[in-house]
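Please read the structure below before turning to the comments.
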Amino acid sequence: MPLPVFLLLPALILSAGVFLAPFLWLASTSFRTQAAGSLLLAEGVSLDNYIRLFADPYFVEVLIRTLAYSLATTLASVLIALPVARFIAVRAGRLKGFLLALMLVPLVSGALLPSLGMLHLMGPLGVVNGIARMLGLPPVKLLGTSAGILIGLVQSFLPLMVLPLVNTLSRLPSDLEQAAASLGAPAIAIWRRVILPLAMPGLVAGSVLVFCASFTSFVTPQILGQGHIAMFGTVAYQQAGQVLDWPFASALAVVALAMIGLLQAVVTLASRFVRRREIRQ
Amino acid sequence: MSHMSCNSVLRAAAAGLAATLFVTAELPAVAQDFKGKTLVVGTWGGDIERLLRQNAAEPLEKETGAKVEFVLGGSGDRMARIYAEKSNPTMDVAFVNIYEAPQALKDGVVVAPDPNAPYYKDVWDGMNNGCYAMSLVGLGIAYNKKLVSTPPEWADMWKPEYKGKIGLSSYPGSEGDGILGAAARLAGKDEHDADAAFGKLKELTPIALTYTNLDEIFAMMDAGQVAMAPMISGYVLAALKTHPDIGFSFPKNPGPVLVRDMLCLVKNSPQPELAKKFAALALGVKNQTDYAEQLYFGPTNKNVKLSAKISADVIDTPDEVKALLQLDWPYVIAQRANWTQRWNKEILGQ
């Protein structure tokens, strides 16, 4: 065995042990069922969990809703992250490191703490409604609404969009923009025809990250949704942690993973297609 | 064989010597047996872990020389673990909820409570269902004192002025099953009639919020958006000190729904002897008294004597225990998957 392959072995064994094996176990559990009146797995394999998942409109609706929220979160993140990332990459100067560290705070502080913070920000006695009352405006209901969940998701996962974008935008040569400007391109055209196409790798990477994180999020929709809005993560948690129907929860997890895998495949194919077209042009 | 008997003779001699030397309870000779052994205990974090560490783990470590390792999390995590490890358990003691214990016993993942154990006999009669009863709490009603002038009864939650101002815990759980049981009785039935229970509870919709922690529900109560919420005594009573506008009521018709924390000894666990010693300490008077005085968890140990002030907020007298509404938990757990979907659709309108 050549040395490089040999050196890879510890990492391979570790990944197989802590990632692949549990995943295979999860996948195989999804084809089992619990015996009647028991939490133990019954003998035999079946597609019962998958049939139940797709036959009950409740779960299908949850799936579609989760897709829609994840897409909306991704779009909102792109719109907010672009100017922020551009500022950090090009204008921030010495503050760049500090701003990047600030962006990392929500990522390293876990999901629960920021969500509880958002609870008090958006709650009926929170900052938003306090200011509204001061200005004589009617109260804004954010908790338990789609808007509240979306704000929470964007807040949680924005860094996943900003960081890859900063990385891509920092490496754009500034003379490209200057060239476009000197030829009379207005700012919008420079963004649309120079910056955005070149920032595409960062945008795609960020979008995939934000989408996957939103799709599988649990704490944010659970706390900010107040039970009014079910998402995939909250339903999977309910089945695994409260109903204790582990096989069905496994099926939910496998479907979520399959959706994410599908997304990855589509994105990879699409970017390959775009690259080929660019080369031809 | 001779080696073993020799060993036990030596041990007995050493114990006898130690007993004469140290008349106080701790016998260093016994410590030999469990040196290097680790007892794994799964329980809830926070105050419960603190008291168990102080009153059970530390004395046990001192007495036996063993180490006690806590694994913290929700009871769902522990159930998943002891079921997954059924053939090769690594956890010795698991604290679970009342509705989980009978199922765990039925599925053979925990040891049936031993009627001859002293700590079994100290517990109120008929409480050790599935596992040992650790604490008694009741599902009552937390309420906003500005919106609800007197301690409410269950039926008060259905008054028109509180429509849309009722909060509920996430389902499934003791709180949800408890309020279904109470609702069914208000409808003249019991939890075996799911249509009656859900039909009655549905009258409370729209539900103001589903809460997963006290912080959330108290914030909404202080804001006047939630008038009442069924809650389990214990933590709530402890937390009320910092929320002067929130009260807690134990209803009478029907009475509070009995909810219990259970202490389970995992079947075929690596350290069964240590587990029993831990159970004796956890169920003992000192720990149960601290549970009552600090967490407002009612003691299951009949020998616990509480001050009048603490006793008022805690379920601890035979009369109080008798007044509790007891659900048919094995039946309820069998309905769990169906009821969860009914709850999601009918009560939450998801």
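How things are named: the first chain in the structure tokens is A, the next is B, and so on; residues count from 1 in each chain; ligands count from 1 in the order shown.
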Chain A residues near chain B (10 Å cut-off, only C-alpha atoms) as a PyMOL selection string: chain A and resi 36-41+56+58-59+61-62+116+119-120+123-126+143-144+222-231+235+237-246
Non-local contacts of region 147-156 of chain B (9 Å; only C-alpha atoms; under 5 positions in same chain excluded) as a PyMOL selection string: chain B and resi 140-142+162+179+182-183+186+224+226-228+230+247-255
Contacts of Lys267 (chain B) at 12 Å (only C-alpha atoms; same-chain gap of 5+ positions) as a list in words: Ile82, Tyr83, Glu85, Lys86, Ser87, Asn88, Pro89, Thr90, Met91, Asp92, Val93, Ala94, Ala104, Leu105, Lys106, Asp107, Gly108, Val109, Val110, Val111, Ala112, Pro113, Cys131, Pro272, Glu273, Ala275 and Lys276 of chain B
Selection export as an mmCIF file, in the first residue's frame, atoms kept: N, CA and C atoms:
```cif
data_model
loop_
_atom_site.group_PDB
_atom_site.id
_atom_site.type_symbol
_atom_site.label_atom_id
_atom_site.label_comp_id
_atom_site.auth_asym_id
_atom_site.auth_seq_id
_atom_site.Cartn_x
_atom_site.Cartn_y
_atom_site.Cartn_z
ATOM 1 N N ILE B 82 -31.350 3.066 26.358
ATOM 2 C CA ILE B 82 -31.470 1.752 27.008
ATOM 3 C C ILE B 82 -32.136 0.726 26.078
ATOM 4 N N TYR B 83 -32.967 1.204 25.159
ATOM 5 C CA TYR B 83 -33.543 0.267 24.184
ATOM 6 C C TYR B 83 -32.483 -0.158 23.167
ATOM 7 N N GLU B 85 -29.366 -0.278 23.551
ATOM 8 C CA GLU B 85 -28.307 -1.078 24.177
ATOM 9 C C GLU B 85 -28.870 -2.286 24.916
ATOM 10 N N LYS B 86 -30.073 -2.692 24.551
ATOM 11 C CA LYS B 86 -30.751 -3.744 25.318
ATOM 12 C C LYS B 86 -29.865 -4.975 25.530
ATOM 13 N N SER B 87 -29.146 -5.378 24.471
ATOM 14 C CA SER B 87 -28.355 -6.601 24.609
ATOM 15 C C SER B 87 -27.010 -6.329 25.279
ATOM 16 N N ASN B 88 -26.618 -5.079 25.387
ATOM 17 C CA ASN B 88 -25.316 -4.765 25.965
ATOM 18 C C ASN B 88 -25.362 -3.397 26.639
ATOM 19 N N PRO B 89 -26.073 -3.287 27.753
ATOM 20 C CA PRO B 89 -26.305 -1.968 28.354
ATOM 21 C C PRO B 89 -25.026 -1.340 28.907
ATOM 22 N N THR B 90 -24.947 -0.007 28.833
ATOM 23 C CA THR B 90 -23.829 0.712 29.448
ATOM 24 C C THR B 90 -24.337 1.644 30.538
ATOM 25 N N MET B 91 -25.658 1.851 30.605
ATOM 26 C CA MET B 91 -26.223 2.736 31.611
ATOM 27 C C MET B 91 -26.823 1.864 32.718
ATOM 28 N N ASP B 92 -26.592 2.268 33.977
ATOM 29 C CA ASP B 92 -27.072 1.446 35.085
ATOM 30 C C ASP B 92 -28.399 1.940 35.653
ATOM 31 N N VAL B 93 -28.501 3.254 35.792
ATOM 32 C CA VAL B 93 -29.706 3.838 36.372
ATOM 33 C C VAL B 93 -30.245 4.858 35.378
ATOM 34 N N ALA B 94 -31.531 4.815 35.095
ATOM 35 C CA ALA B 94 -32.123 5.785 34.167
ATOM 36 C C ALA B 94 -33.380 6.375 34.805
ATOM 37 N N ALA B 104 -41.163 0.342 29.538
ATOM 38 C CA ALA B 104 -39.787 -0.160 29.621
ATOM 39 C C ALA B 104 -39.749 -1.509 30.334
ATOM 40 N N LEU B 105 -40.578 -1.653 31.366
ATOM 41 C CA LEU B 105 -40.618 -2.934 32.084
ATOM 42 C C LEU B 105 -41.201 -4.024 31.190
ATOM 43 N N LYS B 106 -42.282 -3.661 30.487
ATOM 44 C CA LYS B 106 -42.941 -4.621 29.602
ATOM 45 C C LYS B 106 -41.983 -5.105 28.516
ATOM 46 N N ASP B 107 -41.155 -4.197 28.019
ATOM 47 C CA ASP B 107 -40.222 -4.562 26.955
ATOM 48 C C ASP B 107 -38.933 -5.175 27.503
ATOM 49 N N GLY B 108 -38.853 -5.329 28.819
ATOM 50 C CA GLY B 108 -37.711 -6.033 29.392
ATOM 51 C C GLY B 108 -36.395 -5.276 29.363
ATOM 52 N N VAL B 109 -36.423 -3.952 29.358
ATOM 53 C CA VAL B 109 -35.163 -3.205 29.385
ATOM 54 C C VAL B 109 -34.821 -2.719 30.792
ATOM 55 N N VAL B 110 -35.778 -2.809 31.724
ATOM 56 C CA VAL B 110 -35.480 -2.430 33.110
ATOM 57 C C VAL B 110 -35.848 -3.592 34.040
ATOM 58 N N VAL B 111 -35.290 -3.526 35.250
ATOM 59 C CA VAL B 111 -35.554 -4.570 36.237
ATOM 60 C C VAL B 111 -36.853 -4.236 36.965
ATOM 61 N N ALA B 112 -37.700 -5.247 37.175
ATOM 62 C CA ALA B 112 -38.943 -5.003 37.918
ATOM 63 C C ALA B 112 -38.605 -4.576 39.346
ATOM 64 N N PRO B 113 -39.332 -3.607 39.901
ATOM 65 C CA PRO B 113 -39.069 -3.174 41.272
ATOM 66 C C PRO B 113 -39.150 -4.366 42.231
ATOM 67 N N CYS B 131 -41.074 1.061 37.404
ATOM 68 C CA CYS B 131 -39.815 1.344 38.078
ATOM 69 C C CYS B 131 -40.148 1.899 39.464
ATOM 70 N N PRO B 272 -24.996 -3.666 38.739
ATOM 71 C CA PRO B 272 -26.310 -3.749 39.398
ATOM 72 C C PRO B 272 -26.257 -3.446 40.897
ATOM 73 N N GLU B 273 -25.170 -3.857 41.567
ATOM 74 C CA GLU B 273 -25.100 -3.630 43.017
ATOM 75 C C GLU B 273 -24.973 -2.152 43.333
ATOM 76 N N ALA B 275 -25.930 0.185 41.435
ATOM 77 C CA ALA B 275 -27.184 0.815 41.035
ATOM 78 C C ALA B 275 -28.201 0.757 42.180
ATOM 79 N N LYS B 276 -28.248 -0.388 42.862
ATOM 80 C CA LYS B 276 -29.191 -0.516 43.984
ATOM 81 C C LYS B 276 -28.812 0.427 45.121
#
```
DSSP-assigned strand (DSSP E or B) among region 80-218 of chain B, expressed as a ChimeraX atom specification: /B:93-97,110,123,132-144,166-169,209-211
Now that the selection is made, can you save its residues with C-alpha atoms as a compact mmCIF listing (two decimals), in the first residue's frame?
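That gives us part00.txt:
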```
# COMPACT_ATOMS: atom_id res chain seq x y z
CA VAL B 93 -29.71 3.84 36.37
CA ALA B 94 -32.12 5.79 34.17
CA PHE B 95 -34.65 8.36 35.34
CA VAL B 96 -37.73 8.39 33.12
CA ASN B 97 -41.31 9.64 33.16
CA VAL B 110 -35.48 -2.43 33.11
CA VAL B 123 -42.51 4.35 48.89
CA TYR B 132 -39.38 2.98 41.49
CA ALA B 133 -41.43 6.16 42.05
CA MET B 134 -38.97 9.00 42.59
CA SER B 135 -41.15 12.05 43.08
CA LEU B 136 -44.80 13.04 42.99
CA VAL B 137 -45.90 16.07 41.11
CA GLY B 138 -49.34 17.03 39.91
CA LEU B 139 -50.56 18.66 36.74
CA GLY B 140 -52.29 21.85 37.85
CA ILE B 141 -52.90 25.25 36.31
CA ALA B 142 -50.47 28.15 36.20
CA TYR B 143 -52.37 31.39 35.76
CA ASN B 144 -51.94 35.12 35.32
CA ILE B 166 -54.51 29.12 26.90
CA GLY B 167 -50.97 27.83 26.54
CA LEU B 168 -50.06 24.14 26.27
CA SER B 169 -46.86 22.17 26.58
CA LEU B 209 -48.63 28.94 22.25
CA THR B 210 -46.93 25.59 22.65
CA TYR B 211 -44.13 25.98 25.14
```
Selection near Ser115 (chain A), 8 Å with only C-alpha atoms, sequence-local residues under 2 positions removed, as a ChimeraX atom specification: /A:111-113,117-119,152,219-220,223-224
I need the chosen residues saved as a short mmCIF file (atom, residue, chain, number, x, y, z; two decimals), in the first residue's frame, with N, CA and C atoms.
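Full text of result_38.cif as output:
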```cif
data_model
loop_
_atom_site.label_atom_id
_atom_site.label_comp_id
_atom_site.auth_asym_id
_atom_site.auth_seq_id
_atom_site.Cartn_x
_atom_site.Cartn_y
_atom_site.Cartn_z
N ALA A 111 -27.66 26.75 19.00
CA ALA A 111 -28.94 27.19 18.43
C ALA A 111 -29.88 27.73 19.49
N LEU A 112 -29.78 27.20 20.69
CA LEU A 112 -30.78 27.52 21.71
C LEU A 112 -30.67 28.96 22.20
N LEU A 113 -29.43 29.38 22.49
CA LEU A 113 -29.24 30.69 23.09
C LEU A 113 -29.73 31.82 22.18
N GLY A 117 -32.85 34.39 22.74
CA GLY A 117 -32.64 35.83 22.59
C GLY A 117 -33.67 36.44 21.65
N MET A 118 -33.89 35.73 20.52
CA MET A 118 -34.87 36.19 19.54
C MET A 118 -36.28 36.22 20.15
N LEU A 119 -36.52 35.25 21.04
CA LEU A 119 -37.82 35.17 21.71
C LEU A 119 -38.09 36.48 22.45
N GLY A 152 -35.79 34.28 12.41
CA GLY A 152 -34.92 33.45 13.25
C GLY A 152 -33.97 32.61 12.42
N VAL A 219 -34.38 23.76 16.59
CA VAL A 219 -34.60 24.64 17.74
C VAL A 219 -35.32 25.92 17.34
N THR A 220 -34.87 26.55 16.25
CA THR A 220 -35.46 27.83 15.85
C THR A 220 -36.96 27.71 15.55
N ILE A 223 -38.99 26.89 18.87
CA ILE A 223 -39.18 27.96 19.86
C ILE A 223 -39.92 29.14 19.27
N LEU A 224 -39.52 29.58 18.08
CA LEU A 224 -40.15 30.78 17.52
C LEU A 224 -41.51 30.46 16.89
#
```
Residue contacts of Met103 (chain A) (8 Å, only C-alpha atoms) excluding same-chain residues fewer than 5 positions away, as a PyMOL selection string: chain A and resi 159+162-163
Using only C-alpha atoms, please write the residues we just selected to a file, as an mmCIF file, in the first residue's frame.
```cif
data_model
loop_
_atom_site.group_PDB
_atom_site.id
_atom_site.type_symbol
_atom_site.label_atom_id
_atom_site.label_comp_id
_atom_site.auth_asym_id
_atom_site.auth_seq_id
_atom_site.Cartn_x
_atom_site.Cartn_y
_atom_site.Cartn_z
ATOM 1 C CA PRO A 159 -22.973 33.554 8.542
ATOM 2 C CA VAL A 162 -21.494 35.573 4.375
ATOM 3 C CA LEU A 163 -18.337 33.573 5.021
#
```
Point-to-point distance in Å for CA of Gly178 (chain B) and CA of Lys202 (chain B):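 Answer for the CA of Lys202 (chain B) to CA of Gly178 (chain B) separation: 14.7 Å.
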Can you pull out the residues contacting Val45 (chain A)? Cut-off 10 Å, using only C-alpha atoms, and skip same-chain residues under 4 positions away; I want them as a PDB file with C-alpha atoms, in the first residue's frame.
```
ATOM      1  CA  SER A  28     -31.805   0.131   8.209  1.00  0.00           C
ATOM      2  CA  THR A  29     -33.948   1.117  11.217  1.00  0.00           C
ATOM      3  CA  SER A  30     -36.182   3.106   8.885  1.00  0.00           C
ATOM      4  CA  PHE A  31     -37.272  -0.172   7.276  1.00  0.00           C
ATOM      5  CA  ARG A  32     -38.254  -1.720  10.607  1.00  0.00           C
ATOM      6  CA  THR A  33     -41.390  -1.196  12.700  1.00  0.00           C
ATOM      7  CA  LEU A  41     -38.343  -3.462  16.876  1.00  0.00           C
TER       8      LEU A  41
END
```
d(CA of Phe157 (chain A), CA of Trp191 (chain A)) in Å: 23.8 Å
Selection near region 85-90 of chain A, 9 Å with only C-alpha atoms, sequence-local residues under 6 positions removed, as a list in words: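 After dropping sequence-adjacent residues, the list is Lys96, Gly97, Leu99, Leu100, Met161, Val162, Leu163, Pro164, Leu165, Val166, Asn167, Thr168, Leu169, Ser170, Arg171 and Ser174 of chain A.
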Export N, CA and C atoms of the chosen residues as a CSV table (one decimal), in the first residue's frame?
```
chain,number,residue,atom,x,y,z
A,96,LYS,N,-11.6,44.0,9.1
A,96,LYS,CA,-12.1,42.7,8.5
A,96,LYS,C,-12.1,41.5,9.4
A,97,GLY,N,-11.0,41.3,10.1
A,97,GLY,CA,-10.9,40.2,11.0
A,97,GLY,C,-11.9,40.3,12.1
A,99,LEU,N,-14.8,41.9,12.1
A,99,LEU,CA,-16.2,41.7,11.5
A,99,LEU,C,-16.4,40.2,11.3
A,100,LEU,N,-15.4,39.5,10.7
A,100,LEU,CA,-15.6,38.1,10.5
A,100,LEU,C,-15.8,37.3,11.8
A,161,MET,N,-23.7,32.0,4.7
A,161,MET,CA,-23.7,32.7,3.4
A,161,MET,C,-22.6,33.7,3.3
A,162,VAL,N,-22.5,34.5,4.4
A,162,VAL,CA,-21.5,35.6,4.4
A,162,VAL,C,-20.1,35.0,4.2
A,163,LEU,N,-19.7,34.0,5.0
A,163,LEU,CA,-18.3,33.6,5.0
A,163,LEU,C,-17.8,33.1,3.7
A,164,PRO,N,-18.5,32.2,2.9
A,164,PRO,CA,-18.0,31.8,1.6
A,164,PRO,C,-18.0,33.0,0.7
A,165,LEU,N,-19.0,33.9,0.8
A,165,LEU,CA,-19.0,35.1,-0.1
A,165,LEU,C,-17.9,36.0,0.2
A,166,VAL,N,-17.5,36.2,1.4
A,166,VAL,CA,-16.4,37.1,1.7
A,166,VAL,C,-15.1,36.5,1.1
A,167,ASN,N,-15.0,35.2,1.2
A,167,ASN,CA,-13.9,34.5,0.6
A,167,ASN,C,-13.8,34.7,-0.9
A,168,THR,N,-14.9,34.5,-1.6
A,168,THR,CA,-14.9,34.7,-3.1
A,168,THR,C,-14.7,36.2,-3.4
A,169,LEU,N,-15.4,37.1,-2.8
A,169,LEU,CA,-15.3,38.5,-3.1
A,169,LEU,C,-13.9,39.1,-2.8
A,170,SER,N,-13.3,38.6,-1.8
A,170,SER,CA,-11.9,39.1,-1.5
A,170,SER,C,-11.0,38.8,-2.6
A,171,ARG,N,-11.2,37.8,-3.3
A,171,ARG,CA,-10.2,37.4,-4.3
A,171,ARG,C,-10.5,38.0,-5.7
A,174,SER,N,-9.7,44.0,-8.3
A,174,SER,CA,-10.5,45.2,-8.3
A,174,SER,C,-10.4,45.9,-9.7
```
Residue set, region 46-272 of chain A restricted to helix (DSSP H, G or I), as a count of residues only: 187
